[in-house]
Amino acid sequence: MPMLILASTSATRKALLMQAKVPFEAIGPTIDERALEAEALAAGADCRDVARLLAEHKARNVSVNHRDALVIGADQTLALGTTLLHKPATMVDAAAQLDQLCGKTHRLHAGISLVRNGEVLWSAVETAELSMRRFTQSERDLVLALEGEDILYSVGGYRLEGPSIRLFESVSGDYFTILGLPLLPLLGALRDIEPTLFNASDKLD
């Protein structure tokens, strides 16, 4: 059976692949995301380009040490207009970021790539558009208390699958894209590139 590696330690991304019964191993990449992002933006890349670039770099980084393995790279950027936001470092940062998003529409760009032996075989970017309602400070603080530090692992400082949903007015786009792994395009690409993965996975518990 060919080896499939997810170049990520994200619990959400791992759970999505596990639920699809795709056999894989998860290995975290070692790249300087902020340095790569800054370089790309300085060269004229937009937020979608950055998501794709980071996904490809993550996959390449892991691919170097795993010859012939098929490596999945994934990354997500959050764009508020032309401004890129990142994972909050603390709960205070998370509150400030939610205030920044309050009453506004932002976009989540999820980059995905498949790499083998350092060569990008396939990549894509999917986008979702999310609008937050105008919430009060007390509503924000209650959501933060209910969420806890789990939201520090989210680029938006919120979890659509958790109590944070209370802060939203509308969502347009694929749910898996919002979670950071465009699963349907990925599964389609895997079927084309390595169909035997699915022959093996249907025997797993």
# chains A, B, ... in the order shown; residues from 1 in each chain; ligands from 1
$ select_by_dssp --residues "range 84-150 of chain A" --states "helix (DSSP H, G or I)" --output "ChimeraX atom specification"
/A:91-101,137-150
$ write_last_selection --atoms "N, CA and C atoms" --output "PDB file, in the first residue's frame"
ATOM      1  N   MET A  91      -5.874  34.570  25.074  1.00  0.00           N
ATOM      2  CA  MET A  91      -7.307  34.838  25.076  1.00  0.00           C
ATOM      3  C   MET A  91      -7.582  36.335  24.922  1.00  0.00           C
ATOM      4  N   VAL A  92      -6.674  37.171  25.409  1.00  0.00           N
ATOM      5  CA  VAL A  92      -6.815  38.620  25.216  1.00  0.00           C
ATOM      6  C   VAL A  92      -6.708  38.953  23.733  1.00  0.00           C
ATOM      7  N   ASP A  93      -5.748  38.300  23.052  1.00  0.00           N
ATOM      8  CA  ASP A  93      -5.610  38.503  21.605  1.00  0.00           C
ATOM      9  C   ASP A  93      -6.858  38.019  20.872  1.00  0.00           C
ATOM     10  N   ALA A  94      -7.419  36.896  21.344  1.00  0.00           N
ATOM     11  CA  ALA A  94      -8.616  36.342  20.702  1.00  0.00           C
ATOM     12  C   ALA A  94      -9.782  37.332  20.821  1.00  0.00           C
ATOM     13  N   ALA A  95      -9.928  37.957  21.974  1.00  0.00           N
ATOM     14  CA  ALA A  95     -10.998  38.946  22.163  1.00  0.00           C
ATOM     15  C   ALA A  95     -10.797  40.133  21.227  1.00  0.00           C
ATOM     16  N   ALA A  96      -9.555  40.582  21.112  1.00  0.00           N
ATOM     17  CA  ALA A  96      -9.264  41.718  20.232  1.00  0.00           C
ATOM     18  C   ALA A  96      -9.534  41.363  18.773  1.00  0.00           C
ATOM     19  N   GLN A  97      -9.223  40.121  18.395  1.00  0.00           N
ATOM     20  CA  GLN A  97      -9.441  39.716  17.008  1.00  0.00           C
ATOM     21  C   GLN A  97     -10.939  39.598  16.706  1.00  0.00           C
ATOM     22  N   LEU A  98     -11.693  39.082  17.632  1.00  0.00           N
ATOM     23  CA  LEU A  98     -13.142  39.004  17.432  1.00  0.00           C
ATOM     24  C   LEU A  98     -13.741  40.404  17.303  1.00  0.00           C
ATOM     25  N   ASP A  99     -13.229  41.336  18.084  1.00  0.00           N
ATOM     26  CA  ASP A  99     -13.700  42.718  17.969  1.00  0.00           C
ATOM     27  C   ASP A  99     -13.389  43.279  16.583  1.00  0.00           C
ATOM     28  N   GLN A 100     -12.250  42.880  16.038  1.00  0.00           N
ATOM     29  CA  GLN A 100     -11.849  43.344  14.707  1.00  0.00           C
ATOM     30  C   GLN A 100     -12.788  42.792  13.633  1.00  0.00           C
ATOM     31  N   LEU A 101     -13.296  41.573  13.847  1.00  0.00           N
ATOM     32  CA  LEU A 101     -14.165  40.913  12.876  1.00  0.00           C
ATOM     33  C   LEU A 101     -15.643  41.264  13.072  1.00  0.00           C
ATOM     34  N   GLN A 137     -19.964  43.099  23.917  1.00  0.00           N
ATOM     35  CA  GLN A 137     -18.776  42.624  24.614  1.00  0.00           C
ATOM     36  C   GLN A 137     -19.119  41.456  25.534  1.00  0.00           C
ATOM     37  N   SER A 138     -20.274  41.513  26.179  1.00  0.00           N
ATOM     38  CA  SER A 138     -20.663  40.423  27.078  1.00  0.00           C
ATOM     39  C   SER A 138     -20.936  39.142  26.294  1.00  0.00           C
ATOM     40  N   GLU A 139     -21.517  39.253  25.096  1.00  0.00           N
ATOM     41  CA  GLU A 139     -21.728  38.074  24.249  1.00  0.00           C
ATOM     42  C   GLU A 139     -20.389  37.478  23.835  1.00  0.00           C
ATOM     43  N   ARG A 140     -19.465  38.344  23.465  1.00  0.00           N
ATOM     44  CA  ARG A 140     -18.123  37.886  23.088  1.00  0.00           C
ATOM     45  C   ARG A 140     -17.452  37.161  24.245  1.00  0.00           C
ATOM     46  N   ASP A 141     -17.505  37.762  25.427  1.00  0.00           N
ATOM     47  CA  ASP A 141     -16.822  37.182  26.579  1.00  0.00           C
ATOM     48  C   ASP A 141     -17.427  35.833  26.977  1.00  0.00           C
ATOM     49  N   LEU A 142     -18.753  35.699  26.833  1.00  0.00           N
ATOM     50  CA  LEU A 142     -19.392  34.424  27.160  1.00  0.00           C
ATOM     51  C   LEU A 142     -18.927  33.345  26.182  1.00  0.00           C
ATOM     52  N   VAL A 143     -18.873  33.674  24.893  1.00  0.00           N
ATOM     53  CA  VAL A 143     -18.410  32.702  23.901  1.00  0.00           C
ATOM     54  C   VAL A 143     -16.968  32.293  24.179  1.00  0.00           C
ATOM     55  N   LEU A 144     -16.124  33.252  24.510  1.00  0.00           N
ATOM     56  CA  LEU A 144     -14.728  32.939  24.823  1.00  0.00           C
ATOM     57  C   LEU A 144     -14.627  32.019  26.036  1.00  0.00           C
ATOM     58  N   ALA A 145     -15.464  32.273  27.045  1.00  0.00           N
ATOM     59  CA  ALA A 145     -15.454  31.426  28.242  1.00  0.00           C
ATOM     60  C   ALA A 145     -15.909  30.008  27.908  1.00  0.00           C
ATOM     61  N   LEU A 146     -16.916  29.893  27.044  1.00  0.00           N
ATOM     62  CA  LEU A 146     -17.415  28.570  26.655  1.00  0.00           C
ATOM     63  C   LEU A 146     -16.403  27.816  25.789  1.00  0.00           C
ATOM     64  N   GLU A 147     -15.720  28.547  24.916  1.00  0.00           N
ATOM     65  CA  GLU A 147     -14.752  27.920  24.018  1.00  0.00           C
ATOM     66  C   GLU A 147     -13.480  27.508  24.750  1.00  0.00           C
ATOM     67  N   GLY A 148     -13.000  28.367  25.620  1.00  0.00           N
ATOM     68  CA  GLY A 148     -11.724  28.094  26.268  1.00  0.00           C
ATOM     69  C   GLY A 148     -10.569  28.231  25.288  1.00  0.00           C
ATOM     70  N   GLU A 149      -9.439  27.679  25.642  1.00  0.00           N
ATOM     71  CA  GLU A 149      -8.221  27.877  24.850  1.00  0.00           C
ATOM     72  C   GLU A 149      -8.186  27.086  23.549  1.00  0.00           C
ATOM     73  N   ASP A 150      -9.231  26.297  23.274  1.00  0.00           N
ATOM     74  CA  ASP A 150      -9.301  25.596  21.981  1.00  0.00           C
ATOM     75  C   ASP A 150      -9.256  26.587  20.820  1.00  0.00           C
TER      76      ASP A 150
END
$ residues_around --residues "range 72-77 of chain A" --least-positions-apart "5" --cutoff "8 Å" --atoms "only C-alpha atoms" --output "PyMOL selection string"
chain A and resi 4-8+47-48+50-52+54-60+84-86+108-115+155+180-181
$ write_last_selection --atoms "C-alpha atoms" --output "compact mmCIF listing (two decimals), in the first residue's frame"
# COMPACT_ATOMS: atom_id res chain seq x y z
CA LEU A 4 0.14 8.75 2.56
CA ILE A 5 1.34 11.45 4.94
CA LEU A 6 -0.57 14.44 6.25
CA ALA A 7 1.98 17.22 6.80
CA SER A 8 0.10 18.60 9.79
CA CYS A 47 -4.11 35.96 0.44
CA ARG A 48 -5.16 33.03 -1.77
CA VAL A 50 -0.24 32.61 0.41
CA ALA A 51 -2.56 29.74 1.40
CA ARG A 52 -1.44 27.68 -1.61
CA LEU A 54 2.20 27.50 2.56
CA ALA A 55 0.39 24.25 1.79
CA GLU A 56 2.98 23.37 -0.86
CA HIS A 57 5.92 24.27 1.37
CA LYS A 58 4.58 22.14 4.20
CA ALA A 59 4.16 19.15 1.93
CA ARG A 60 7.60 19.60 0.35
CA LEU A 84 -4.12 38.81 6.94
CA LEU A 85 -5.03 37.72 10.47
CA HIS A 86 -3.35 34.87 12.35
CA LEU A 108 -11.08 31.97 4.71
CA HIS A 109 -8.77 30.61 2.00
CA ALA A 110 -7.82 26.94 2.41
CA GLY A 111 -4.82 25.79 0.38
CA ILE A 112 -4.27 22.10 -0.30
CA SER A 113 -1.53 20.25 -2.18
CA LEU A 114 -0.23 16.78 -2.97
CA VAL A 115 3.53 16.34 -3.26
CA VAL A 155 -6.76 31.12 12.58
CA GLY A 180 -9.06 24.03 6.99
CA LEU A 181 -9.08 20.92 4.79
$ closest_atom_pairs --of "range 105-134 of chain A" --to "range 160-163 of chain A" --cutoff "12 Å" --atoms "only C-alpha atoms" --output "tab-separated table"
residue	atom	partner	partner_atom	distance
A:Leu130	CA	A:Leu160	CA	10.1
A:Ser131	CA	A:Leu160	CA	11.7
A:Met132	CA	A:Leu160	CA	11.2
$ write_last_selection --atoms "N, CA, C and O atoms" --output "short mmCIF file (atom, residue, chain, number, x, y, z; two decimals), in the first residue's frame"
data_model
loop_
_atom_site.label_atom_id
_atom_site.label_comp_id
_atom_site.auth_asym_id
_atom_site.auth_seq_id
_atom_site.Cartn_x
_atom_site.Cartn_y
_atom_site.Cartn_z
N LEU A 130 -17.49 34.52 5.37
CA LEU A 130 -18.20 34.48 6.64
C LEU A 130 -18.47 35.90 7.14
O LEU A 130 -17.59 36.76 7.08
N SER A 131 -19.69 36.12 7.62
CA SER A 131 -20.06 37.43 8.16
C SER A 131 -20.43 37.30 9.63
O SER A 131 -21.28 36.48 10.00
N MET A 132 -19.79 38.09 10.46
CA MET A 132 -20.13 38.14 11.87
C MET A 132 -21.16 39.23 12.11
O MET A 132 -21.12 40.29 11.47
#
$ residues_around --residues "range 18-25 of chain A" --least-positions-apart "2" --cutoff "12 Å" --atoms "only C-alpha atoms" --output "mmCIF file with N, CA, C and O atoms, in the first residue's frame"
data_model
loop_
_atom_site.group_PDB
_atom_site.id
_atom_site.type_symbol
_atom_site.label_atom_id
_atom_site.label_comp_id
_atom_site.auth_asym_id
_atom_site.auth_seq_id
_atom_site.Cartn_x
_atom_site.Cartn_y
_atom_site.Cartn_z
ATOM 1 N N MET A 1 0.849 -1.187 0.000
ATOM 2 C CA MET A 1 0.000 0.000 0.000
ATOM 3 C C MET A 1 0.884 1.235 0.000
ATOM 4 O O MET A 1 1.830 1.316 0.780
ATOM 5 N N PRO A 2 0.615 2.221 -0.856
ATOM 6 C CA PRO A 2 1.415 3.439 -0.891
ATOM 7 C C PRO A 2 1.271 4.210 0.421
ATOM 8 O O PRO A 2 0.245 4.144 1.084
ATOM 9 N N MET A 3 2.321 4.918 0.785
ATOM 10 C CA MET A 3 2.307 5.665 2.030
ATOM 11 C C MET A 3 1.725 7.052 1.797
ATOM 12 O O MET A 3 2.154 7.770 0.893
ATOM 13 N N LEU A 4 0.748 7.425 2.615
ATOM 14 C CA LEU A 4 0.144 8.745 2.559
ATOM 15 C C LEU A 4 0.447 9.458 3.869
ATOM 16 O O LEU A 4 0.225 8.910 4.950
ATOM 17 N N ILE A 5 0.972 10.674 3.756
ATOM 18 C CA ILE A 5 1.339 11.450 4.938
ATOM 19 C C ILE A 5 0.584 12.773 4.923
ATOM 20 O O ILE A 5 0.539 13.466 3.905
ATOM 21 N N LEU A 6 0.019 13.120 6.058
ATOM 22 C CA LEU A 6 -0.571 14.444 6.249
ATOM 23 C C LEU A 6 0.478 15.305 6.929
ATOM 24 O O LEU A 6 0.888 15.018 8.061
ATOM 25 N N ALA A 7 0.939 16.342 6.245
ATOM 26 C CA ALA A 7 1.976 17.218 6.797
ATOM 27 C C ALA A 7 1.327 18.235 7.734
ATOM 28 O O ALA A 7 1.282 19.438 7.463
ATOM 29 N N SER A 8 0.811 17.738 8.842
ATOM 30 C CA SER A 8 0.102 18.595 9.794
ATOM 31 C C SER A 8 -0.086 17.845 11.107
ATOM 32 O O SER A 8 -0.202 16.613 11.113
ATOM 33 N N THR A 9 -0.123 18.594 12.195
ATOM 34 C CA THR A 9 -0.472 18.012 13.491
ATOM 35 C C THR A 9 -1.849 18.496 13.946
ATOM 36 O O THR A 9 -2.239 18.260 15.092
ATOM 37 N N ALA A 11 -5.462 18.588 14.901
ATOM 38 C CA ALA A 11 -6.412 17.556 15.317
ATOM 39 C C ALA A 11 -7.626 17.528 14.397
ATOM 40 O O ALA A 11 -8.165 16.455 14.095
ATOM 41 N N THR A 12 -8.053 18.694 13.934
ATOM 42 C CA THR A 12 -9.226 18.762 13.054
ATOM 43 C C THR A 12 -8.936 18.107 11.714
ATOM 44 O O THR A 12 -9.748 17.315 11.206
ATOM 45 N N ARG A 13 -7.802 18.422 11.097
ATOM 46 C CA ARG A 13 -7.467 17.829 9.802
ATOM 47 C C ARG A 13 -7.302 16.316 9.921
ATOM 48 O O ARG A 13 -7.745 15.562 9.059
ATOM 49 N N LYS A 14 -6.664 15.878 10.995
ATOM 50 C CA LYS A 14 -6.497 14.433 11.195
ATOM 51 C C LYS A 14 -7.856 13.752 11.353
ATOM 52 O O LYS A 14 -8.095 12.679 10.790
ATOM 53 N N ALA A 15 -8.745 14.375 12.095
ATOM 54 C CA ALA A 15 -10.070 13.787 12.323
ATOM 55 C C ALA A 15 -10.852 13.671 11.015
ATOM 56 O O ALA A 15 -11.538 12.664 10.785
ATOM 57 N N LEU A 16 -10.762 14.675 10.152
ATOM 58 C CA LEU A 16 -11.495 14.637 8.880
ATOM 59 C C LEU A 16 -11.025 13.478 8.009
ATOM 60 O O LEU A 16 -11.844 12.770 7.402
ATOM 61 N N ILE A 27 2.618 13.835 10.155
ATOM 62 C CA ILE A 27 3.953 14.315 10.529
ATOM 63 C C ILE A 27 3.968 15.833 10.372
ATOM 64 O O ILE A 27 3.672 16.349 9.293
ATOM 65 N N GLY A 28 4.304 16.526 11.424
ATOM 66 C CA GLY A 28 4.313 17.985 11.377
ATOM 67 C C GLY A 28 5.512 18.522 10.607
ATOM 68 O O GLY A 28 6.628 18.037 10.771
ATOM 69 N N VAL A 62 8.037 17.902 4.372
ATOM 70 C CA VAL A 62 7.912 16.526 4.865
ATOM 71 C C VAL A 62 8.338 15.527 3.797
ATOM 72 O O VAL A 62 8.948 14.499 4.091
ATOM 73 N N HIS A 66 10.805 11.559 3.166
ATOM 74 C CA HIS A 66 9.953 10.371 2.988
ATOM 75 C C HIS A 66 9.797 10.086 1.497
ATOM 76 O O HIS A 66 8.765 10.389 0.896
ATOM 77 N N ALA A 69 6.636 8.712 -0.760
ATOM 78 C CA ALA A 69 5.357 8.898 -0.072
ATOM 79 C C ALA A 69 4.583 10.029 -0.742
ATOM 80 O O ALA A 69 5.158 10.971 -1.285
ATOM 81 N N LEU A 70 3.270 9.935 -0.697
ATOM 82 C CA LEU A 70 2.402 11.008 -1.169
ATOM 83 C C LEU A 70 2.057 11.864 0.045
ATOM 84 O O LEU A 70 1.519 11.361 1.034
ATOM 85 N N VAL A 71 2.398 13.143 -0.027
ATOM 86 C CA VAL A 71 2.271 14.019 1.144
ATOM 87 C C VAL A 71 1.206 15.088 0.894
ATOM 88 O O VAL A 71 1.217 15.761 -0.141
ATOM 89 N N ILE A 72 0.306 15.209 1.856
ATOM 90 C CA ILE A 72 -0.740 16.234 1.811
ATOM 91 C C ILE A 72 -0.263 17.451 2.593
ATOM 92 O O ILE A 72 0.100 17.347 3.769
ATOM 93 N N LEU A 183 -11.946 18.851 1.824
ATOM 94 C CA LEU A 183 -11.919 17.396 1.771
ATOM 95 C C LEU A 183 -12.393 16.822 0.436
ATOM 96 O O LEU A 183 -11.804 15.865 -0.077
ATOM 97 N N LEU A 184 -13.448 17.369 -0.142
ATOM 98 C CA LEU A 184 -13.981 16.788 -1.374
ATOM 99 C C LEU A 184 -13.004 16.931 -2.554
ATOM 100 O O LEU A 184 -12.751 15.947 -3.257
ATOM 101 N N LEU A 186 -9.812 17.206 -2.286
ATOM 102 C CA LEU A 186 -8.681 16.357 -1.922
ATOM 103 C C LEU A 186 -8.964 14.892 -2.223
ATOM 104 O O LEU A 186 -8.128 14.192 -2.813
ATOM 105 N N LEU A 187 -10.134 14.419 -1.838
ATOM 106 C CA LEU A 187 -10.470 13.015 -2.097
ATOM 107 C C LEU A 187 -10.519 12.736 -3.598
ATOM 108 O O LEU A 187 -10.100 11.666 -4.055
ATOM 109 N N LEU A 190 -6.944 12.430 -4.743
ATOM 110 C CA LEU A 190 -6.359 11.168 -4.282
ATOM 111 C C LEU A 190 -6.860 9.987 -5.108
ATOM 112 O O LEU A 190 -6.097 9.063 -5.416
ATOM 113 N N ARG A 191 -8.114 10.011 -5.482
ATOM 114 C CA ARG A 191 -8.639 8.927 -6.321
ATOM 115 C C ARG A 191 -7.938 8.895 -7.675
ATOM 116 O O ARG A 191 -7.680 7.829 -8.227
ATOM 117 N N GLU A 194 -3.761 8.243 -6.560
ATOM 118 C CA GLU A 194 -3.435 7.022 -5.823
ATOM 119 C C GLU A 194 -4.696 6.268 -5.446
ATOM 120 O O GLU A 194 -5.062 6.169 -4.275
ATOM 121 N N PRO A 195 -5.413 5.708 -6.428
ATOM 122 C CA PRO A 195 -6.708 5.065 -6.145
ATOM 123 C C PRO A 195 -6.623 3.859 -5.223
ATOM 124 O O PRO A 195 -7.605 3.515 -4.572
ATOM 125 N N THR A 196 -5.453 3.221 -5.135
ATOM 126 C CA THR A 196 -5.333 2.025 -4.274
ATOM 127 C C THR A 196 -5.490 2.368 -2.796
ATOM 128 O O THR A 196 -5.747 1.475 -1.985
ATOM 129 N N LEU A 197 -5.339 3.632 -2.442
ATOM 130 C CA LEU A 197 -5.568 4.029 -1.047
ATOM 131 C C LEU A 197 -6.976 3.672 -0.594
ATOM 132 O O LEU A 197 -7.197 3.276 0.545
ATOM 133 N N PHE A 198 -7.924 3.798 -1.490
ATOM 134 C CA PHE A 198 -9.316 3.556 -1.138
ATOM 135 C C PHE A 198 -9.626 2.060 -1.123
ATOM 136 O O PHE A 198 -10.499 1.613 -0.388
ATOM 137 N N ASN A 199 -8.906 1.292 -1.908
ATOM 138 C CA ASN A 199 -9.081 -0.159 -1.878
ATOM 139 C C ASN A 199 -8.677 -0.725 -0.529
ATOM 140 O O ASN A 199 -9.262 -1.675 -0.029
ATOM 141 N N ALA A 200 -7.632 -0.119 0.052
ATOM 142 C CA ALA A 200 -7.148 -0.603 1.348
ATOM 143 C C ALA A 200 -7.984 -0.058 2.498
ATOM 144 O O ALA A 200 -8.233 -0.750 3.476
ATOM 145 N N SER A 201 -8.446 1.170 2.380
ATOM 146 C CA SER A 201 -9.075 1.832 3.526
ATOM 147 C C SER A 201 -10.414 1.235 3.909
ATOM 148 O O SER A 201 -10.833 1.326 5.039
ATOM 149 N N ASP A 202 -11.089 0.557 2.951
ATOM 150 C CA ASP A 202 -12.424 0.054 3.293
ATOM 151 C C ASP A 202 -12.348 -1.170 4.207
ATOM 152 O O ASP A 202 -13.364 -1.663 4.673
ATOM 153 N N LYS A 203 -11.129 -1.655 4.482
ATOM 154 C CA LYS A 203 -10.963 -2.792 5.383
ATOM 155 C C LYS A 203 -10.623 -2.352 6.805
ATOM 156 O O LYS A 203 -10.495 -3.167 7.701
ATOM 157 N N LEU A 204 -10.431 -1.043 7.007
ATOM 158 C CA LEU A 204 -10.042 -0.535 8.302
ATOM 159 C C LEU A 204 -11.251 -0.355 9.209
ATOM 160 O O LEU A 204 -12.347 -0.103 8.765
ATOM 161 N N ASP A 205 -11.005 -0.461 10.516
ATOM 162 C CA ASP A 205 -12.069 -0.221 11.491
ATOM 163 C C ASP A 205 -12.281 1.275 11.652
ATOM 164 O O ASP A 205 -11.382 2.047 11.480
#
$ select_by_dssp --residues "chain A" --states "strand (DSSP E)" --output "JSON, numbers by chain"
{"A": [4, 5, 6, 25, 26, 70, 71, 72, 73, 74, 75, 76, 77, 78, 79, 80, 83, 84, 85, 105, 106, 107, 108, 109, 110, 111, 112, 113, 114, 115, 116, 119, 120, 121, 122, 123, 124, 125, 126, 127, 128, 129, 130, 131, 132, 168, 169, 170, 171, 172]}
$ atom_distance --atom1 "CA of His106 in chain A" --atom2 "CA of Asp49 in chain A"
16.4 Å
$ atom_distance --atom1 "CA of Pro182 in chain A" --atom2 "CA of Leu36 in chain A"
21.9 Å
$ closest_residue --among "A:Phe176, A:Thr82, A:Thr90, A:Lys104" --to "Thr127 in chain A" --atoms "only C-alpha atoms"
A:Phe176
$ atom_distance --atom1 "CA of Glu126 in chain A" --atom2 "CA of Thr177 in chain A"
6.3 Å
$ residues_around --residues "Ala128 in chain A" --least-positions-apart "2" --cutoff "6 Å" --atoms "only C-alpha atoms" --output "list in words"
Arg107, Leu108, Ser172 and Gly173 of chain A
$ closest_residue --among "A:Leu78, A:Val171, A:Leu179, A:Ala35" --to "Gly156 in chain A" --atoms "only C-alpha atoms"
A:Leu78
$ residues_around --residues "Arg67 in chain A" --least-positions-apart "2" --cutoff "9 Å" --atoms "only C-alpha atoms" --output "PyMOL selection string"
chain A and resi 63-65+69-70+116-118
$ write_last_selection --atoms "N, CA and C atoms" --output "PDB file, in the first residue's frame"
ATOM      1  N   SER A  63       8.052  15.853   2.550  1.00  0.00           N
ATOM      2  CA  SER A  63       8.365  14.950   1.442  1.00  0.00           C
ATOM      3  C   SER A  63       9.856  14.664   1.333  1.00  0.00           C
ATOM      4  N   VAL A  64      10.691  15.629   1.667  1.00  0.00           N
ATOM      5  CA  VAL A  64      12.152  15.483   1.540  1.00  0.00           C
ATOM      6  C   VAL A  64      12.664  14.251   2.289  1.00  0.00           C
ATOM      7  N   ASN A  65      12.076  13.959   3.441  1.00  0.00           N
ATOM      8  CA  ASN A  65      12.547  12.852   4.275  1.00  0.00           C
ATOM      9  C   ASN A  65      11.729  11.578   4.130  1.00  0.00           C
ATOM     10  N   ALA A  69       6.636   8.712  -0.760  1.00  0.00           N
ATOM     11  CA  ALA A  69       5.357   8.898  -0.072  1.00  0.00           C
ATOM     12  C   ALA A  69       4.583  10.029  -0.742  1.00  0.00           C
ATOM     13  N   LEU A  70       3.270   9.935  -0.697  1.00  0.00           N
ATOM     14  CA  LEU A  70       2.402  11.008  -1.169  1.00  0.00           C
ATOM     15  C   LEU A  70       2.057  11.864   0.045  1.00  0.00           C
ATOM     16  N   ARG A 116       4.949  14.579  -4.115  1.00  0.00           N
ATOM     17  CA  ARG A 116       5.724  13.335  -4.029  1.00  0.00           C
ATOM     18  C   ARG A 116       7.157  13.639  -4.465  1.00  0.00           C
ATOM     19  N   ASN A 117       8.100  13.233  -3.643  1.00  0.00           N
ATOM     20  CA  ASN A 117       9.525  13.449  -3.933  1.00  0.00           C
ATOM     21  C   ASN A 117       9.821  14.907  -4.280  1.00  0.00           C
ATOM     22  N   GLY A 118       9.172  15.803  -3.548  1.00  0.00           N
ATOM     23  CA  GLY A 118       9.420  17.225  -3.726  1.00  0.00           C
ATOM     24  C   GLY A 118       8.685  17.873  -4.877  1.00  0.00           C
TER      25      GLY A 118
END
